[in-house]
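As stored in run-v6.csv (CSV, C-alpha atoms):
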```
chain,number,residue,atom,x,y,z
A,1256,MET,CA,-18.9,-3.6,10.8
A,1257,ARG,CA,-15.7,-5.3,9.6
A,1258,VAL,CA,-12.1,-4.5,8.6
A,1259,ILE,CA,-12.2,-3.9,4.8
A,1260,SER,CA,-8.6,-4.6,3.8
A,1261,GLY,CA,-5.1,-5.5,4.9
A,1262,SER,CA,-3.8,-7.8,7.5
A,1263,ALA,CA,-7.0,-8.0,9.4
A,1264,LYS,CA,-9.3,-8.1,6.4
A,1265,GLY,CA,-12.8,-9.5,7.0
A,1266,ILE,CA,-12.6,-9.6,10.8
A,1267,GLN,CA,-15.8,-8.4,12.4
A,1268,LEU,CA,-15.5,-5.6,14.9
A,1269,ALA,CA,-17.5,-5.2,18.1
A,1270,SER,CA,-19.8,-2.2,18.5
A,1271,VAL,CA,-20.3,0.0,21.5
A,1272,PRO,CA,-23.7,-0.8,23.2
A,1273,GLY,CA,-26.2,2.0,23.2
A,1274,LYS,CA,-26.2,5.2,21.2
A,1275,SER,CA,-23.1,7.0,22.7
A,1276,THR,CA,-21.1,6.5,19.5
A,1277,ARG,CA,-21.9,6.7,15.8
A,1278,PRO,CA,-19.7,4.2,14.0
A,1279,ILE,CA,-18.5,4.8,10.5
A,1280,THR,CA,-20.2,2.6,7.9
A,1281,ASP,CA,-18.2,0.1,5.9
A,1282,GLN,CA,-19.1,2.0,2.8
A,1283,VAL,CA,-17.7,5.3,4.1
A,1284,LYS,CA,-14.7,3.7,5.6
A,1285,GLU,CA,-13.9,2.0,2.3
A,1286,ALA,CA,-14.3,5.2,0.4
A,1287,LEU,CA,-12.1,7.0,2.9
A,1288,PHE,CA,-9.2,4.5,2.6
A,1289,ASN,CA,-9.5,4.5,-1.2
A,1290,ILE,CA,-8.9,8.2,-1.0
A,1291,LEU,CA,-6.0,7.8,1.3
A,1292,GLY,CA,-4.5,5.0,-0.7
A,1293,PRO,CA,-1.0,3.8,-0.1
A,1294,GLU,CA,-0.2,7.0,1.9
A,1295,ILE,CA,-1.5,5.3,5.0
A,1296,GLU,CA,1.4,2.8,5.0
A,1297,GLY,CA,3.9,3.8,7.7
A,1298,ALA,CA,1.7,6.6,8.9
A,1299,THR,CA,1.2,7.7,12.5
A,1300,VAL,CA,-2.4,8.3,13.2
A,1301,LEU,CA,-4.4,10.0,16.0
A,1302,ASP,CA,-8.0,8.7,16.2
A,1303,LEU,CA,-9.8,11.2,18.4
A,1304,PHE,CA,-13.2,10.2,19.8
A,1305,GLY,CA,-12.2,6.6,19.0
A,1306,GLY,CA,-15.6,5.0,19.4
A,1307,THR,CA,-15.2,1.4,18.2
A,1308,GLY,CA,-11.7,2.1,16.9
A,1309,ALA,CA,-12.8,1.2,13.3
A,1310,VAL,CA,-10.9,3.9,11.5
A,1311,GLY,CA,-7.6,3.5,13.4
A,1312,ILE,CA,-7.9,-0.3,13.1
A,1313,GLU,CA,-8.4,-0.1,9.4
A,1314,ALA,CA,-5.4,2.2,9.2
A,1315,LEU,CA,-3.3,-0.3,11.1
A,1316,SER,CA,-4.6,-3.2,9.0
A,1317,ARG,CA,-3.5,-1.3,5.9
A,1318,GLY,CA,0.0,-0.7,7.2
A,1319,ALA,CA,0.0,2.4,9.4
A,1320,GLU,CA,2.9,2.4,11.8
A,1321,HIS,CA,1.1,3.4,15.0
A,1322,VAL,CA,-2.3,4.7,16.1
A,1323,ASP,CA,-3.1,6.6,19.2
A,1324,PHE,CA,-6.8,6.1,20.2
A,1325,ILE,CA,-8.3,8.8,22.5
A,1326,GLU,CA,-11.7,8.0,24.0
A,1327,ILE,CA,-13.3,9.2,27.2
A,1328,ASN,CA,-16.2,6.8,27.3
A,1329,TYR,CA,-15.2,3.7,29.3
A,1330,ARG,CA,-17.4,1.3,27.3
A,1331,ALA,CA,-16.1,2.6,24.0
A,1332,LEU,CA,-12.5,2.3,25.4
A,1333,LYS,CA,-13.1,-1.4,26.2
A,1334,VAL,CA,-14.5,-2.0,22.8
A,1335,ILE,CA,-11.4,-0.4,21.1
A,1336,GLN,CA,-9.2,-2.7,23.2
A,1337,GLN,CA,-11.3,-5.7,22.4
A,1338,ASN,CA,-11.2,-4.9,18.7
A,1339,LEU,CA,-7.4,-4.4,18.7
A,1340,LYS,CA,-7.0,-7.8,20.4
A,1341,THR,CA,-9.4,-9.5,18.0
A,1342,THR,CA,-7.4,-8.1,15.0
A,1343,ASN,CA,-4.0,-8.8,16.6
A,1344,LEU,CA,-3.0,-5.1,16.2
A,1345,SER,CA,-2.7,-4.1,19.9
A,1346,LYS,CA,1.1,-3.8,19.7
A,1347,PHE,CA,0.8,-1.0,17.2
A,1348,ALA,CA,-1.6,1.1,19.2
A,1349,THR,CA,-1.9,3.2,22.3
A,1350,VAL,CA,-5.4,3.5,23.9
A,1351,GLN,CA,-6.0,6.3,26.4
A,1352,LYS,CA,-9.1,7.1,28.4
A,1353,LYS,CA,-8.9,10.8,28.1
A,1354,ASP,CA,-10.9,13.9,27.0
A,1355,ALA,CA,-9.9,14.7,23.4
A,1356,PHE,CA,-9.6,18.4,24.1
A,1357,VAL,CA,-7.3,17.8,27.1
A,1358,TYR,CA,-5.2,15.5,24.9
A,1359,LEU,CA,-4.9,18.1,22.1
A,1360,ARG,CA,-3.8,20.8,24.5
A,1361,GLU,CA,-1.1,18.7,26.1
A,1362,ASP,CA,2.6,19.3,25.3
A,1363,HIS,CA,3.3,16.6,22.7
A,1364,GLN,CA,6.6,15.5,21.1
A,1365,LYS,CA,4.5,13.5,18.6
A,1366,ARG,CA,3.5,14.7,15.2
A,1367,TYR,CA,0.9,12.9,13.2
A,1368,ASP,CA,0.5,12.1,9.5
A,1369,LEU,CA,-3.3,11.9,10.0
A,1370,ILE,CA,-5.6,13.2,12.7
A,1371,TYR,CA,-9.1,11.7,12.4
A,1372,ILE,CA,-11.8,13.7,14.3
A,1373,ALA,CA,-15.3,11.9,14.6
A,1374,PRO,CA,-17.0,13.4,17.7
A,1375,PRO,CA,-20.6,12.9,18.8
A,1376,GLN,CA,-22.9,14.7,16.4
A,1377,TYR,CA,-24.6,18.1,16.8
A,1378,HIS,CA,-22.6,19.5,19.6
A,1379,ASN,CA,-20.1,21.5,17.5
A,1380,LEU,CA,-17.3,19.4,19.0
A,1381,TRP,CA,-15.6,18.9,15.7
A,1382,ASP,CA,-15.1,22.7,15.4
A,1383,LYS,CA,-13.8,22.9,19.0
A,1384,ALA,CA,-11.3,20.2,18.2
A,1385,MET,CA,-10.3,21.9,14.9
A,1386,GLN,CA,-9.8,25.2,16.8
A,1387,ILE,CA,-7.4,23.5,19.2
A,1388,VAL,CA,-5.5,21.7,16.4
A,1389,ASP,CA,-5.3,25.1,14.6
A,1390,GLU,CA,-3.7,26.6,17.7
A,1391,ASN,CA,-1.3,23.6,17.8
A,1392,PRO,CA,-0.4,23.0,14.2
A,1393,ASP,CA,2.8,21.1,15.2
A,1394,LEU,CA,0.6,18.1,16.0
A,1395,VAL,CA,0.4,17.6,12.2
A,1396,LYS,CA,3.5,16.8,10.1
A,1397,PRO,CA,4.2,19.3,7.3
A,1398,TRP,CA,2.4,17.2,4.6
A,1399,GLY,CA,-0.1,15.6,7.0
A,1400,MET,CA,-3.8,16.1,7.2
A,1401,VAL,CA,-6.8,16.3,9.5
A,1402,ILE,CA,-10.0,14.6,8.5
A,1403,VAL,CA,-13.3,15.5,10.2
A,1404,GLN,CA,-16.3,13.1,10.0
A,1405,ILE,CA,-19.6,14.9,10.7
A,1406,HIS,CA,-23.2,15.0,9.6
A,1407,PRO,CA,-23.5,17.4,6.5
A,1408,LYS,CA,-25.9,19.6,8.5
A,1409,GLU,CA,-23.1,20.3,11.0
A,1410,TYR,CA,-20.7,21.8,8.4
A,1411,ASN,CA,-20.4,25.5,8.3
A,1412,GLU,CA,-18.2,27.1,5.5
A,1413,ASN,CA,-17.7,30.1,7.8
A,1414,ASN,CA,-15.6,28.0,10.1
A,1415,VAL,CA,-12.2,29.2,9.0
A,1416,TYR,CA,-8.9,28.4,10.6
A,1417,THR,CA,-5.6,30.3,10.5
A,1418,LYS,CA,-3.2,27.4,9.9
A,1419,PHE,CA,-5.4,24.9,8.1
A,1420,ARG,CA,-7.5,25.0,4.9
A,1421,VAL,CA,-10.0,22.6,3.4
A,1422,PHE,CA,-8.7,20.8,0.4
A,1423,ASP,CA,-11.4,18.2,-0.2
A,1424,GLN,CA,-14.9,17.2,1.0
A,1425,ARG,CA,-16.8,14.0,0.3
A,1426,GLU,CA,-20.5,13.4,1.2
A,1427,TYR,CA,-21.9,9.9,1.7
A,1428,GLY,CA,-25.5,10.1,2.7
A,1429,ASP,CA,-25.6,11.4,6.3
A,1430,THR,CA,-21.8,11.5,6.6
A,1431,LEU,CA,-19.5,14.3,5.4
A,1432,LEU,CA,-15.7,13.9,5.4
A,1433,VAL,CA,-13.9,17.2,5.4
A,1434,PHE,CA,-10.1,17.1,4.6
A,1435,TYR,CA,-7.8,19.8,6.0
A,1436,GLU,CA,-4.1,20.4,5.3
A,1437,LEU,CA,-1.7,23.0,6.7
A,1438,ALA,CA,-2.3,26.2,4.7
A,1439,GLN,CA,1.4,26.7,4.2
A,1440,CYS,CA,1.5,23.5,2.1
A,1441,ASN,CA,-0.7,25.1,-0.5
A,1442,GLU,CA,1.3,28.4,-0.5
A,1443,THR,CA,4.6,26.6,-1.2
A,1444,GLU,CA,3.1,24.7,-4.2
A,1445,SER,CA,1.9,27.9,-5.9
```
Turn this file's structure into structure tokens for me.
Amino acid sequence: MRVISGSAKGIQLASVPGKSTRPITDQVKEALFNILGPEIEGATVLDLFGGTGAVGIEALSRGAEHVDFIEINYRALKVIQQNLKTTNLSKFATVQKKDAFVYLREDHQKRYDLIYIAPPQYHNLWDKAMQIVDENPDLVKPWGMVIVQIHPKEYNENNVYTKFRVFDQREYGDTLLVFYELAQCNETES
């Protein structure tokens, strides 16, 4: 696992020992950031269930302004900190050992351009996180987005949210990326 592009291009990232995380593959990460393109420059990002930090670190390497990493697993938290240090991107990041759901429910003054949700598989945690984001749409800037990384078998089209709608989906083998935007964005364009 490595940083694909930007200021930290080519730097190898450490992995979390054991099977408590499921890191994004380089292929999926590269596809994701090709989709995001230059919009990541200057963005504020929330990387929930941070794991190794690979997504947030890739965002920083490509010019994101700041990434908040939220991770409850102590070993994963240490790996994120190590990877940020290795890539010299620590000063652009905040790493918190905290439950993602607690974090989402807190009273924030921050609004994000991108929220990336990649929880442990098969526990429906992604839907729980989306429900909380849906109840707190001010976490996302008006033209921001939420991206969920899950196994395709986890996705259920019947999971509908009041404030967010799906605007894109991409499947890469055993990884599905689901892109959400604020529903009002679509209505104002019509």
Protein, DNA and RNA residues within 10 Å of (0.7, 12.1, 5.1), all atoms listed in the file, as a ChimeraX atom specification:
/A:1291,1293-1300,1367-1370,1395-1401,1436
Could you tell me how far atom CA of Lys1264 of chain A lies from atom CA of Phe1304 of chain A, in Å and to one decimal?
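Between atom CA of Lys1264 of chain A and atom CA of Phe1304 of chain A the gap works out to 23.0 Å.
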Considering all atoms listed in the file, state which residue in the set A:Ser1260, A:Asn1391, A:Asn1411, A:Thr1349 is at the smallest distance from Glu1285 of chain A.
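Using all atoms listed in the file, the shortest distance to Glu1285 of chain A belongs to A:Ser1260.
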Which of A:Pro1407, A:Pro1374, A:Pro1392, A:Lys1340 sits closest to Arg1360 of chain A [using only C-alpha atoms]:
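Distance minimum relative to Arg1360 of chain A lands on A:Pro1392.
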Surrounding residues of Ser1316 of chain A excluding itself and chain neighbours under 3 positions, 8 Å, only C-alpha atoms, as a list in words:
Val1258, Ser1260, Gly1261, Ser1262, Ala1263, Lys1264, Ile1312, Glu1313, Ala1319 and Leu1344 of chain A
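Distance check against Ala1286 of chain A using all atoms listed in the file: of A:Leu1432, A:Ala1331, A:Leu1380, A:Val1350, the minimum falls on A:Leu1432.
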Which distance in Å separates atom CA of Ala1438 of chain A and atom CA of His1363 of chain A, to one decimal?
21.2 Å
Would you mind listing what lies within 12 Å of Gln1282 of chain A as an mmCIF file with C-alpha atoms, in the frame of the given file, with only C-alpha atoms counted and same-chain residues fewer than 3 positions away left out?
```cif
data_model
loop_
_atom_site.group_PDB
_atom_site.id
_atom_site.type_symbol
_atom_site.label_atom_id
_atom_site.label_comp_id
_atom_site.auth_asym_id
_atom_site.auth_seq_id
_atom_site.Cartn_x
_atom_site.Cartn_y
_atom_site.Cartn_z
ATOM 1 C CA MET A 1256 -18.900 -3.600 10.800
ATOM 2 C CA ARG A 1257 -15.700 -5.300 9.600
ATOM 3 C CA VAL A 1258 -12.100 -4.500 8.600
ATOM 4 C CA ILE A 1259 -12.200 -3.900 4.800
ATOM 5 C CA PRO A 1278 -19.700 4.200 14.000
ATOM 6 C CA ILE A 1279 -18.500 4.800 10.500
ATOM 7 C CA GLU A 1285 -13.900 2.000 2.300
ATOM 8 C CA ALA A 1286 -14.300 5.200 0.400
ATOM 9 C CA LEU A 1287 -12.100 7.000 2.900
ATOM 10 C CA PHE A 1288 -9.200 4.500 2.600
ATOM 11 C CA ASN A 1289 -9.500 4.500 -1.200
ATOM 12 C CA GLU A 1426 -20.500 13.400 1.200
ATOM 13 C CA TYR A 1427 -21.900 9.900 1.700
ATOM 14 C CA GLY A 1428 -25.500 10.100 2.700
ATOM 15 C CA ASP A 1429 -25.600 11.400 6.300
ATOM 16 C CA THR A 1430 -21.800 11.500 6.600
#
```
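Note that the spacing between atom CA of Asn1328 of chain A and atom CA of Gly1306 of chain A amounts to 8.1 Å.
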Need the shell around Ile1325 of chain A: protein/DNA/RNA residues with any atom at most 6 Å away, counting only C-alpha atoms. Skip same-chain ones fewer than 5 positions apart. Format as number ranges by chain?
A: 1303-1305, 1351, 1353
Using C-alpha atoms, can you write the selected residues to a file as a CSV table (one decimal), in the coordinates of the input?
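Printed below is selection_12.csv as written:
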```csv
chain,number,residue,atom,x,y,z
A,1303,LEU,CA,-9.8,11.2,18.4
A,1304,PHE,CA,-13.2,10.2,19.8
A,1305,GLY,CA,-12.2,6.6,19.0
A,1351,GLN,CA,-6.0,6.3,26.4
A,1353,LYS,CA,-8.9,10.8,28.1
```
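Nearest-residue note for Asp1382 of chain A: choosing from A:Thr1307, A:Gln1404, A:Gln1424, A:Asn1343, the minimum distance belongs to A:Gln1404, counting all atoms listed in the file.
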For Ile1266 of chain A, which residue out of A:Asn1414, A:His1378, A:Asp1389, A:Thr1342 is the nearest one, using only C-alpha atoms?
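The answer is A:Thr1342, which sits nearest to Ile1266 of chain A.
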